[in-house]
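Taking it in order: structure first as structure tokens, then the write-up.
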Amino acid sequence: LTARADIEQSMDSSRSPSNDSAFLDDFAMMSTFGATGGGGVDRQAATLEYGRARKWLAGWLAGRGFRVERDRIGNLFGFLELTPGAPYVLIGSHLDSQPRGGRFDGAYGVLAAAHATDRVRNRYQRNGTRAALNIAVVDWFNEEGSRFQPSMMGSAVFTGKLDLENALNTSDAGGISVREAMSAIDELGSNRIGSENVVAAAYVEIHIEQGKTLEKEATDIGLVASTWAANKYEIEVLGAQSHTGATDMEDRQDALYGAALVVAAVRDIADTFPGQLHTSCGQLTVFPNSPNTVAGKVRMHLDLRTSDDPILVEAERNLRQRCAAIELKANVKIDTRRSHSWSANHYQLEGVELARRTAEDLGLRHMEIRTRAGHDSTNMKDLVPTVMLFIPSVGGISHSELEYTADPDLCNGVTMLTELLARIAAGELAGTVSGPRP
Ligand SMILES: [Zn+2]
């Protein structure tokens, strides 16, 4: 290992006030794309504002000598070749947002990755050593899944969990496909997918916590050790369309009534596992959605998320029983299809340990944490050694214009990410190749 004095010297160069203000200026610029009146952004996947944000990022990367390419699902890469032929450490997050979402979710991680990579490149240029790994900044396509389902789409295609053609043919509520929407903003590339395009050796991602733990514990950095498990469902409640006034109550097959009972039941199920199960219905589409017509059909999205796999099995069993009872009570039929799921599983221990040592050397307060939300790292950790970091979120508010993280926390995160990236590029993460630290 490099001597402590050397580490501190190189760390100092990454942590200067001018580096911090350059990051904050760029972050303010990025937050203008799709900016909402309430301080958030509305930048759903493959929209015009999304395309503008990406082109700004691509320009930023190209201007610093990164080779910018998109693959066939529209993941955007900024390749930095430090050692010709070496595999890559990928580092990034996502620029898409929820409708009227926050400006930090995803976008912070992409910009932090770009700045960290640029700082690491400067270190290598200064000291002339050779990196063990090259670096690629990545903006994963459609992490949020608000416009096109499922979420984490770009990283799922990259890791071979989702078929490319299926993903491209997925349509939004207006019938526009991923292929059409991404072509319209010229964000679909011709590069092959996954390892045919880039040989990945590791993945790193930083994100706001979207929870209150770090804030409550007055901690700078969360070292993500594991994920919660999740099941997501598409549900159709089928009734019969009829007149809201004229139809006898006993003859009604009111799909909206059935859907309302499902919404309430799902909340009841969460209450039977206090603190361990999160449930929600995020979207209802009512047909024909007319004031004087009993709904004939309701489509809804529902999710169950939990800290432990057995609870998920129990919650799903509970959900199916409750739906069967609701079918009788509301005189409707309920079709339940599981559309996306992942288990509670661990990030590689070596990555958590490397991040812990890095935070200690930097004098940053740190703790292990679990992620309740899904992230692109959830997919990538199944492919390569992956390190996920969190910074605090004020009040834990996310998927809202009120999402907020203070500047010092943003800057601490970039400092941490830079040092961690430098160590991984030097080969200090087990399972990757090793070389001298810059
Ligand atoms: Zn996110």
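Following the order of the structure tokens, first chain is A, next is B, and so on, with residues numbered from 1 inside each chain and ligands from 1 in the order they appear.
The contact shell of ligand 1, defined as all polymer residues within 10 Å when only C-alpha atoms and all ligand atoms are used, comprises Ser93, His94, Leu95, Asp96, Ser97, Gln98, Gly102, Phe104, Asp105, Gly106, Ala107, Tyr108, Gly109, Asn142, Glu143, Glu144, Met152, Ile206, His207, Ile208, Glu209, Gln210, Ala373, Gly374, His375, Asp376, Ser398 and His399 of chain A.
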| message | For the structure I just gave you, how does DSSP split segment 82-188 of chain A - specifically, which residues are alpha helix (DSSP H)? Reply as a ChimeraX atom specification. | response | /A:107-127,153-158,164-169,178-184
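Interatomic distance, atom CA of Asp309 of chain A against atom CA of Leu389 of chain A: 23.0 Å.
Closest approach to Ala167 of chain A from the set A:Gly74, A:Gly222, A:Gly92, A:Gly258 is made by A:Gly74, with distances taken over only C-alpha atoms.
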